[in-house]
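Here is the structure we will look at, set down as structure tokens.
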2 protein chains.
Amino acid sequence: MEGNVYAIFRDLAIILIAAKLCGILASKLRAPQVVGEIIAGLLIGPSLLGLVSESTFLVDMAEIGVVLLMFFAGLETNLQDLKKTGWKAFVIAVAGVTVPLAAGSVLYFLYYGMPPFGSDAFYTGIFVGVIMTATSVSITVATLMELGKLKESLGITIMGAAIIDDVIGIIVLTLVIGFKNPDVSPLKVLTNTVLFFGLALILGVGGYYLFKALDARYPHTRRIPIFGLVLCLLLAYIAEVYFGIADITGAYVAGIILCNIKDSEYIARKIDISSYMFFAPVFFASIGIKTSLQSLNPSLLIFSILFVLVALAGKIIGCGGVARLLGYRGKDTLKIGVGMMTRGEVALIVMQKGIDVGMIDPSYSTSVILLIVVSSIITPIILKVLYQEKTPVKMPVNK
Amino acid sequence: MEGNVYAIFRDLAIILIAAKLCGILASKLRAPQVVGEIIAGLLIGPSLLGLVSESTFLVDMAEIGVVLLMFFAGLETNLQDLKKTGWKAFVIAVAGVTVPLAAGSVLYFLYYGMPPFGSDAFYTGIFVGVIMTATSVSITVATLMELGKLKESLGITIMGAAIIDDVIGIIVLTLVIGFKNPDVSPLKVLTNTVLFFGLALILGVGGYYLFKALDARYPHTRRIPIFGLVLCLLLAYIAEVYFGIADITGAYVAGIILCNIKDSEYIARKIDISSYMFFAPVFFASIGIKTSLQSLNPSLLIFSILFVLVALAGKIIGCGGVARLLGYRGKDTLKIGVGMMTRGEVALIVMQKGIDVGMIDPSYSTSVILLIVVSSIITPIILKVLYQEKTPVKMPVNK
């Protein structure tokens, strides 16, 4: 017990230094730092060097890490931009969720054979589709920002779609996890989901005005981010324990509630700092620590490659196709499709959730990691070609 | 296990909101926020409302909290100022440690009777003295800053003495804890202490130049505070596990190593944010959570009052008396004595250490909390009277 307290210093120190060094290396190779941090976990974890192994403390820190990331994503959402892009972004997002969801499930059923409806393997197949749904807003935004296309109509549409995509993706995640649980009927899951979002709406309106008043009276004081964090933790807790909805949904909703107050950027900065100094590296590294390389057999490798291709094609066909139906023409449809195909933290978070509830085997993290690496690297390159700009495309360097 | 992960969200949320609300209330009453946070712990802990009880997670978070506070204190140390004030500050600091140390132990022996030399009760008595030794730099500095006297010769002397006082206090703490352990001979404790500070010196010189190079090449990048934190965690771990020296000593030394690099303020800010958003409230509140009010019998109450009087008088007599011998006259000697009498986090940390190694009963935290409350409230008032300024004395509001 005493020894345990000090072991957390050693584990934390090893994770932080390995994650940062691999993150720096990754960004030198123009890959996102997140990829480096996961690889750091692989390196120091039991599959390779064996310096750090899973512990209750790391599990707790990682869970706080995911919740903070989703809270941050919520805080960074711009509701005004979203309103501007309107129904077009919504329709594109719906296609961007349904097509990969269907394609991913079909891929699983074709590859492993069709399981009986409602069986565990059936839900695993659906879940493979769910993992494919969520576009990573951060990578999309960073790429468009680098290209100077963020504020253009097309850029706003892509961003709006990416944001709505996240929300729908999380609702789908919640529903699928809820349906899987044999104790609850689909009706109860739907009721719970509606009730939770109802509660979130009431809390949202109340919380919004409370924080607006706080913000007006005590701008830029510590109490603002602290109370914001409390709202995030409470919604995560309430969602999970009272409604059976993923804690990350609660955290994301808390972020959305506060994304329009004046100090939302101030809260986001404080959360971001605590996140990158402590919790996020533990979250990403622990994915690597848990990924077992022993399970990477030829069958899984081939599946992973197909998984990546289907996930990328699903977004291009789904979003690009619908964009064409909406009146976009020529390269614009491709820009939308490609702009939506980046995957990042959210895919990892969804996968982690699936592992936690036993819907998917940890060995599939290989497929997800491959998807993130490939999509994060090729999206900026393809977008650059499509926009035919002369300025060099650089991956955003997350210092 | 699953339920446990979510319980940490609830516990954290309750601690953060209670600590902040009580902290705000405390600062409205012109007391330091720290006092409010401890009282918050008392309120929500098992002695009163019973909303939160001790858990491994909270113990871990609190331990990280202490380590971060000491790292921060080290980072904020100004070695230049310290050199300027020179030997006078050093002599005052030595008196400020030895007089309360002796007076505290004598008080315990007089109150509870003289135990045999080397017995457990004997070490408890010595430890009561050790708790009295460390002046809280932050409260002293904040008070002098409020009075506009920080940069005056007398202010620098007080600050220098308060800093050295901390270092000596920590060495004394290390020695006393080491001596108590029956497995190690006093010689071994001394050897270990010397070896650790030797290692710290080597690491310090190496680390200093490494960070200076990093700083020159990558100023204000995330890697600087992250690598700084890694140094802090590693030194805390090495100190505790390989040298039997308190982890907080290691963290403090890490701070001192980095206090002179250009980005030390940058590191301190990142550490401070993570600290006040997460770890420090857990640390202070968990002191309250652990304080059992049931044990507050009349005997302990009288002892606590005497403890406070002796602790305050010890600094005034020790520091003020030596200042007089050094040539200070009139009110200046009193200013030095009173300026040194504030106690804060360090006294709590020392006490916590004593509880952890079984040298002192948790019930004595009542005495320490009383000392912090009383000293933090009366010091600014007395200093104001001594400086006879017309500007109103406000307690620093820690937003």
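Residues in the structure tokens are numbered from 1 in each chain, the chains being A, B, ... in the order shown, and ligands are numbered from 1 in the order shown.
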With only C-alpha atoms as the counted atoms, please give the residues lying no more than 10 Å from A:Leu334, apart from itself and same-chain residues fewer than 3 positions off, as a PyMOL selection string.
chain A and resi 316-317+319-321+323-324+328-331+337-340+382-383+386
Would you mind exporting N, CA and C atoms of the selected residues as a short mmCIF file (atom, residue, chain, number, x, y, z; two decimals), in the first residue's frame?
```
data_model
loop_
_atom_site.label_atom_id
_atom_site.label_comp_id
_atom_site.auth_asym_id
_atom_site.auth_seq_id
_atom_site.Cartn_x
_atom_site.Cartn_y
_atom_site.Cartn_z
N ILE A 316 -16.11 8.82 -47.62
CA ILE A 316 -16.05 9.49 -48.92
C ILE A 316 -17.35 9.24 -49.68
N ILE A 317 -17.81 7.98 -49.67
CA ILE A 317 -19.04 7.65 -50.40
C ILE A 317 -20.26 8.26 -49.71
N CYS A 319 -20.58 10.77 -47.26
CA CYS A 319 -20.64 12.23 -47.18
C CYS A 319 -20.57 12.86 -48.57
N GLY A 320 -19.62 12.36 -49.39
CA GLY A 320 -19.47 12.91 -50.72
C GLY A 320 -20.71 12.69 -51.57
N GLY A 321 -21.26 11.46 -51.49
CA GLY A 321 -22.44 11.12 -52.27
C GLY A 321 -23.62 12.02 -51.92
N ALA A 323 -23.48 14.88 -50.47
CA ALA A 323 -23.15 16.26 -50.85
C ALA A 323 -23.53 16.49 -52.32
N ARG A 324 -23.28 15.48 -53.14
CA ARG A 324 -23.63 15.60 -54.56
C ARG A 324 -25.15 15.76 -54.73
N TYR A 328 -23.73 19.96 -54.38
CA TYR A 328 -22.30 20.23 -54.53
C TYR A 328 -21.82 19.54 -55.79
N ARG A 329 -20.84 20.11 -56.44
CA ARG A 329 -20.36 19.56 -57.71
C ARG A 329 -18.84 19.38 -57.72
N GLY A 330 -18.37 18.54 -58.60
CA GLY A 330 -16.95 18.38 -58.90
C GLY A 330 -16.12 18.08 -57.66
N LYS A 331 -14.98 18.79 -57.54
CA LYS A 331 -14.06 18.53 -56.45
C LYS A 331 -14.67 18.80 -55.08
N GLY A 337 -16.06 14.72 -48.65
CA GLY A 337 -15.86 13.31 -48.28
C GLY A 337 -14.52 13.08 -47.61
N VAL A 338 -13.46 13.63 -48.20
CA VAL A 338 -12.12 13.43 -47.64
C VAL A 338 -11.99 14.18 -46.32
N GLY A 339 -12.55 15.40 -46.27
CA GLY A 339 -12.47 16.19 -45.04
C GLY A 339 -13.12 15.48 -43.86
N MET A 340 -14.09 14.62 -44.14
CA MET A 340 -14.79 13.91 -43.07
C MET A 340 -14.12 12.60 -42.69
N ILE A 382 -4.20 14.63 -49.25
CA ILE A 382 -5.23 14.60 -50.31
C ILE A 382 -5.97 15.94 -50.37
N LEU A 383 -6.31 16.49 -49.19
CA LEU A 383 -7.01 17.78 -49.18
C LEU A 383 -6.19 18.85 -49.88
N LEU A 386 -6.49 18.47 -53.53
CA LEU A 386 -7.81 18.88 -53.98
C LEU A 386 -7.95 20.40 -54.02
#
```
Return as CSV the residues of chain B lying at most 9 Å from chain A, together with the closest atom-to-atom pair for each and the distance in Å to one decimal, counting only C-alpha atoms, with rows in chain order and ascending residue number.
```
residue,atom,partner,partner_atom,distance
B:Met1,CA,A:Thr56,CA,8.7
B:Glu2,CA,A:Asp356,CA,8.7
B:Gly3,CA,A:Val241,CA,8.2
B:Asn4,CA,A:Asp60,CA,8.8
B:Val5,CA,A:Asp60,CA,5.9
B:Tyr6,CA,A:Tyr237,CA,5.9
B:Ala7,CA,A:Tyr237,CA,7.5
B:Ile8,CA,A:Asp60,CA,7.7
B:Phe9,CA,A:Leu233,CA,5.2
B:Arg10,CA,A:Leu234,CA,6.2
B:Leu12,CA,A:Leu233,CA,7.5
B:Ala13,CA,A:Val230,CA,4.8
B:Ile14,CA,A:Val230,CA,7.7
B:Leu16,CA,A:Val230,CA,6.8
B:Ile17,CA,A:Val230,CA,6.6
B:Lys20,CA,A:Arg223,CA,6.9
B:Leu21,CA,A:Arg223,CA,8.6
B:Ile24,CA,A:Arg223,CA,8.7
B:Thr56,CA,A:Phe57,CA,8.4
B:Phe57,CA,A:Phe57,CA,6.7
B:Val59,CA,A:Val5,CA,7.9
B:Asp60,CA,A:Val5,CA,5.9
B:Glu63,CA,A:Val5,CA,7.4
B:Ile64,CA,A:Phe9,CA,7.9
B:His220,CA,A:Lys399,CA,8.9
B:Thr221,CA,A:Lys399,CA,5.5
B:Arg222,CA,A:Lys399,CA,5.6
B:Arg223,CA,A:Lys20,CA,6.9
B:Pro225,CA,A:Met277,CA,7.7
B:Ile226,CA,A:Met277,CA,6.0
B:Phe227,CA,A:Ile17,CA,6.6
B:Leu229,CA,A:Ala13,CA,7.7
B:Val230,CA,A:Ala13,CA,4.8
B:Leu231,CA,A:Ala13,CA,7.8
B:Cys232,CA,A:Ala13,CA,8.5
B:Leu233,CA,A:Phe9,CA,5.2
B:Leu234,CA,A:Arg10,CA,6.3
B:Ala236,CA,A:Phe9,CA,7.4
B:Tyr237,CA,A:Tyr6,CA,5.9
B:Ile238,CA,A:Arg10,CA,8.8
B:Glu240,CA,A:Tyr6,CA,7.6
B:Val241,CA,A:Tyr6,CA,7.6
B:Asp247,CA,A:Tyr6,CA,8.2
B:Lys270,CA,A:Ile273,CA,6.6
B:Ile271,CA,A:Met277,CA,8.2
B:Ile273,CA,A:Lys270,CA,6.6
B:Ser274,CA,A:Ser274,CA,4.7
B:Ser275,CA,A:Ser274,CA,8.3
B:Tyr276,CA,A:Arg222,CA,8.2
B:Met277,CA,A:Ile226,CA,6.0
B:Phe278,CA,A:Ser274,CA,8.1
B:Asp356,CA,A:Glu2,CA,8.7
B:Asn398,CA,A:Arg222,CA,8.5
B:Lys399,CA,A:Thr221,CA,5.5
```
What's around B:Gln80 at 12 Å? Count only C-alpha atoms, leave out sequence neighbours fewer than 5 positions away in its own chain, and write the answer as a list in words.
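In the requested format, the answer is Thr85, Gly86, Ile156, Met159, Gly160, Cys259 and Asn260 of chain B.
Here atom CA of A:Val350 stands at a distance of 14.4 Å from atom CA of A:Pro100.
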Name the residues of stretch 312-362 of chain B that come out as alpha helix (DSSP H) in a backbone DSSP run; write them as a PyMOL selection string.
chain B and resi 312-315+321-325+331-339+345-356
Given only C-alpha atoms as the counted atoms, nearest of B:Ala40, B:Leu48, B:Ile360, B:Ile378 to B:Val130
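Checking each of B:Ala40, B:Leu48, B:Ile360, B:Ile378 against B:Val130, counting only C-alpha atoms, the winner is B:Ile360.
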Contacts of A:Val368 within 12 Å, only C-alpha atoms, excl. fewer than 3 positions in-chain, as a PyMOL selection string:
chain A and resi 35+38+128-134+287-288+291+300-301+303-309+311-312+342-352+360-365+371-376
Would you save the residues from that selection as a tab-separated table (two decimals), in the first residue's frame, using N, CA and C atoms?
```tsv
chain	number	residue	atom	x	y	z
A	35	VAL	N	-0.71	9.44	-32.06
A	35	VAL	CA	-0.18	8.17	-32.56
A	35	VAL	C	1.11	7.83	-31.81
A	38	ILE	N	0.35	6.56	-28.26
A	38	ILE	CA	-0.13	5.17	-28.21
A	38	ILE	C	1.04	4.21	-28.40
A	128	VAL	N	-18.23	-2.76	-34.57
A	128	VAL	CA	-17.15	-2.44	-35.51
A	128	VAL	C	-17.60	-1.28	-36.40
A	129	GLY	N	-18.88	-1.29	-36.79
A	129	GLY	CA	-19.43	-0.18	-37.56
A	129	GLY	C	-19.47	1.10	-36.74
A	130	VAL	N	-19.87	0.98	-35.47
A	130	VAL	CA	-19.96	2.17	-34.60
A	130	VAL	C	-18.61	2.86	-34.48
A	131	ILE	N	-17.55	2.04	-34.35
A	131	ILE	CA	-16.21	2.62	-34.22
A	131	ILE	C	-15.88	3.50	-35.43
A	132	MET	N	-16.38	3.10	-36.59
A	132	MET	CA	-16.06	3.83	-37.83
A	132	MET	C	-16.80	5.17	-37.96
A	133	THR	N	-17.82	5.39	-37.11
A	133	THR	CA	-18.71	6.52	-37.38
A	133	THR	C	-18.11	7.90	-37.09
A	134	ALA	N	-17.39	8.02	-35.98
A	134	ALA	CA	-17.05	9.38	-35.51
A	134	ALA	C	-15.84	9.99	-36.21
A	287	ILE	N	-3.83	2.84	-23.82
A	287	ILE	CA	-4.34	2.07	-24.97
A	287	ILE	C	-3.22	1.19	-25.51
A	288	GLY	N	-2.04	1.78	-25.63
A	288	GLY	CA	-0.89	1.00	-26.08
A	288	GLY	C	-0.51	-0.08	-25.09
A	291	THR	N	-2.86	-2.86	-25.59
A	291	THR	CA	-2.84	-3.52	-26.89
A	291	THR	C	-1.85	-4.68	-26.83
A	300	LEU	N	-6.12	-11.18	-38.44
A	300	LEU	CA	-6.46	-9.86	-37.88
A	300	LEU	C	-5.81	-8.75	-38.70
A	301	LEU	N	-4.60	-9.02	-39.21
A	301	LEU	CA	-3.90	-8.01	-40.00
A	301	LEU	C	-4.68	-7.71	-41.28
A	303	PHE	N	-7.85	-8.24	-41.75
A	303	PHE	CA	-9.07	-7.56	-41.35
A	303	PHE	C	-8.81	-6.08	-41.10
A	304	SER	N	-7.67	-5.78	-40.44
A	304	SER	CA	-7.35	-4.39	-40.13
A	304	SER	C	-7.21	-3.56	-41.39
A	305	ILE	N	-6.54	-4.13	-42.40
A	305	ILE	CA	-6.36	-3.39	-43.65
A	305	ILE	C	-7.71	-3.12	-44.31
A	306	LEU	N	-8.57	-4.17	-44.35
A	306	LEU	CA	-9.90	-3.99	-44.91
A	306	LEU	C	-10.70	-2.96	-44.11
A	307	PHE	N	-10.56	-3.03	-42.78
A	307	PHE	CA	-11.25	-2.11	-41.87
A	307	PHE	C	-10.91	-0.66	-42.22
A	308	VAL	N	-9.61	-0.40	-42.43
A	308	VAL	CA	-9.16	0.96	-42.76
A	308	VAL	C	-9.77	1.40	-44.10
A	309	LEU	N	-9.69	0.51	-45.11
A	309	LEU	CA	-10.21	0.87	-46.44
A	309	LEU	C	-11.71	1.16	-46.39
A	311	ALA	N	-13.50	2.02	-43.77
A	311	ALA	CA	-13.76	3.22	-42.96
A	311	ALA	C	-13.54	4.49	-43.77
A	312	LEU	N	-12.47	4.51	-44.57
A	312	LEU	CA	-12.17	5.70	-45.36
A	312	LEU	C	-13.19	5.83	-46.50
A	342	THR	N	-11.11	11.82	-41.47
A	342	THR	CA	-10.13	11.72	-40.38
A	342	THR	C	-10.77	11.12	-39.13
A	343	ARG	N	-10.04	10.24	-38.53
A	343	ARG	CA	-10.47	9.65	-37.26
A	343	ARG	C	-9.41	9.92	-36.22
A	344	GLY	N	-9.84	10.02	-34.96
A	344	GLY	CA	-8.86	10.32	-33.91
A	344	GLY	C	-9.30	9.80	-32.57
A	345	GLU	N	-9.15	10.69	-31.58
A	345	GLU	CA	-9.43	10.31	-30.19
A	345	GLU	C	-10.78	9.62	-30.04
A	346	VAL	N	-11.81	10.19	-30.72
A	346	VAL	CA	-13.17	9.68	-30.48
A	346	VAL	C	-13.28	8.20	-30.86
A	347	ALA	N	-12.63	7.81	-31.95
A	347	ALA	CA	-12.65	6.40	-32.34
A	347	ALA	C	-12.01	5.54	-31.25
A	348	LEU	N	-10.93	6.04	-30.66
A	348	LEU	CA	-10.26	5.31	-29.58
A	348	LEU	C	-11.16	5.22	-28.37
A	349	ILE	N	-11.83	6.34	-28.09
A	349	ILE	CA	-12.70	6.39	-26.91
A	349	ILE	C	-13.85	5.41	-27.08
A	350	VAL	N	-14.44	5.42	-28.29
A	350	VAL	CA	-15.55	4.51	-28.57
A	350	VAL	C	-15.08	3.06	-28.43
A	351	MET	N	-13.91	2.77	-29.01
A	351	MET	CA	-13.38	1.42	-28.93
A	351	MET	C	-13.16	1.02	-27.46
A	352	GLN	N	-12.56	1.93	-26.70
A	352	GLN	CA	-12.29	1.66	-25.29
A	352	GLN	C	-13.58	1.31	-24.56
A	360	ILE	N	-16.27	-5.91	-27.62
A	360	ILE	CA	-15.24	-6.10	-28.63
A	360	ILE	C	-13.94	-6.50	-27.96
A	361	ASP	N	-13.14	-7.28	-28.66
A	361	ASP	CA	-11.89	-7.78	-28.10
A	361	ASP	C	-10.80	-6.70	-28.20
A	362	PRO	N	-9.96	-6.58	-27.14
A	362	PRO	CA	-8.91	-5.55	-27.18
A	362	PRO	C	-7.99	-5.66	-28.40
A	363	SER	N	-7.91	-6.85	-29.00
A	363	SER	CA	-6.98	-7.01	-30.14
A	363	SER	C	-7.37	-6.10	-31.31
A	364	TYR	N	-8.67	-5.69	-31.38
A	364	TYR	CA	-9.09	-4.83	-32.48
A	364	TYR	C	-8.53	-3.42	-32.38
A	365	SER	N	-7.93	-3.09	-31.24
A	365	SER	CA	-7.35	-1.75	-31.15
A	365	SER	C	-6.29	-1.56	-32.23
A	371	LEU	N	-6.19	2.78	-38.47
A	371	LEU	CA	-7.10	3.72	-39.11
A	371	LEU	C	-6.73	5.16	-38.78
A	372	ILE	N	-6.42	5.41	-37.51
A	372	ILE	CA	-6.07	6.77	-37.09
A	372	ILE	C	-4.78	7.23	-37.78
A	373	VAL	N	-3.79	6.35	-37.73
A	373	VAL	CA	-2.50	6.70	-38.33
A	373	VAL	C	-2.68	7.01	-39.82
A	374	VAL	N	-3.31	6.09	-40.54
A	374	VAL	CA	-3.47	6.26	-41.99
A	374	VAL	C	-4.30	7.49	-42.31
A	375	SER	N	-5.47	7.63	-41.67
A	375	SER	CA	-6.35	8.75	-42.01
A	375	SER	C	-5.72	10.09	-41.64
A	376	SER	N	-5.00	10.13	-40.52
A	376	SER	CA	-4.41	11.40	-40.09
A	376	SER	C	-3.29	11.84	-41.02
```
Looking at only C-alpha atoms, which of A:Ala280, A:Leu190, A:Ala161, A:Ile44 is the one that sits closest to A:Lys83?
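Checking each candidate against A:Lys83, we get A:Ala161 as the closest.
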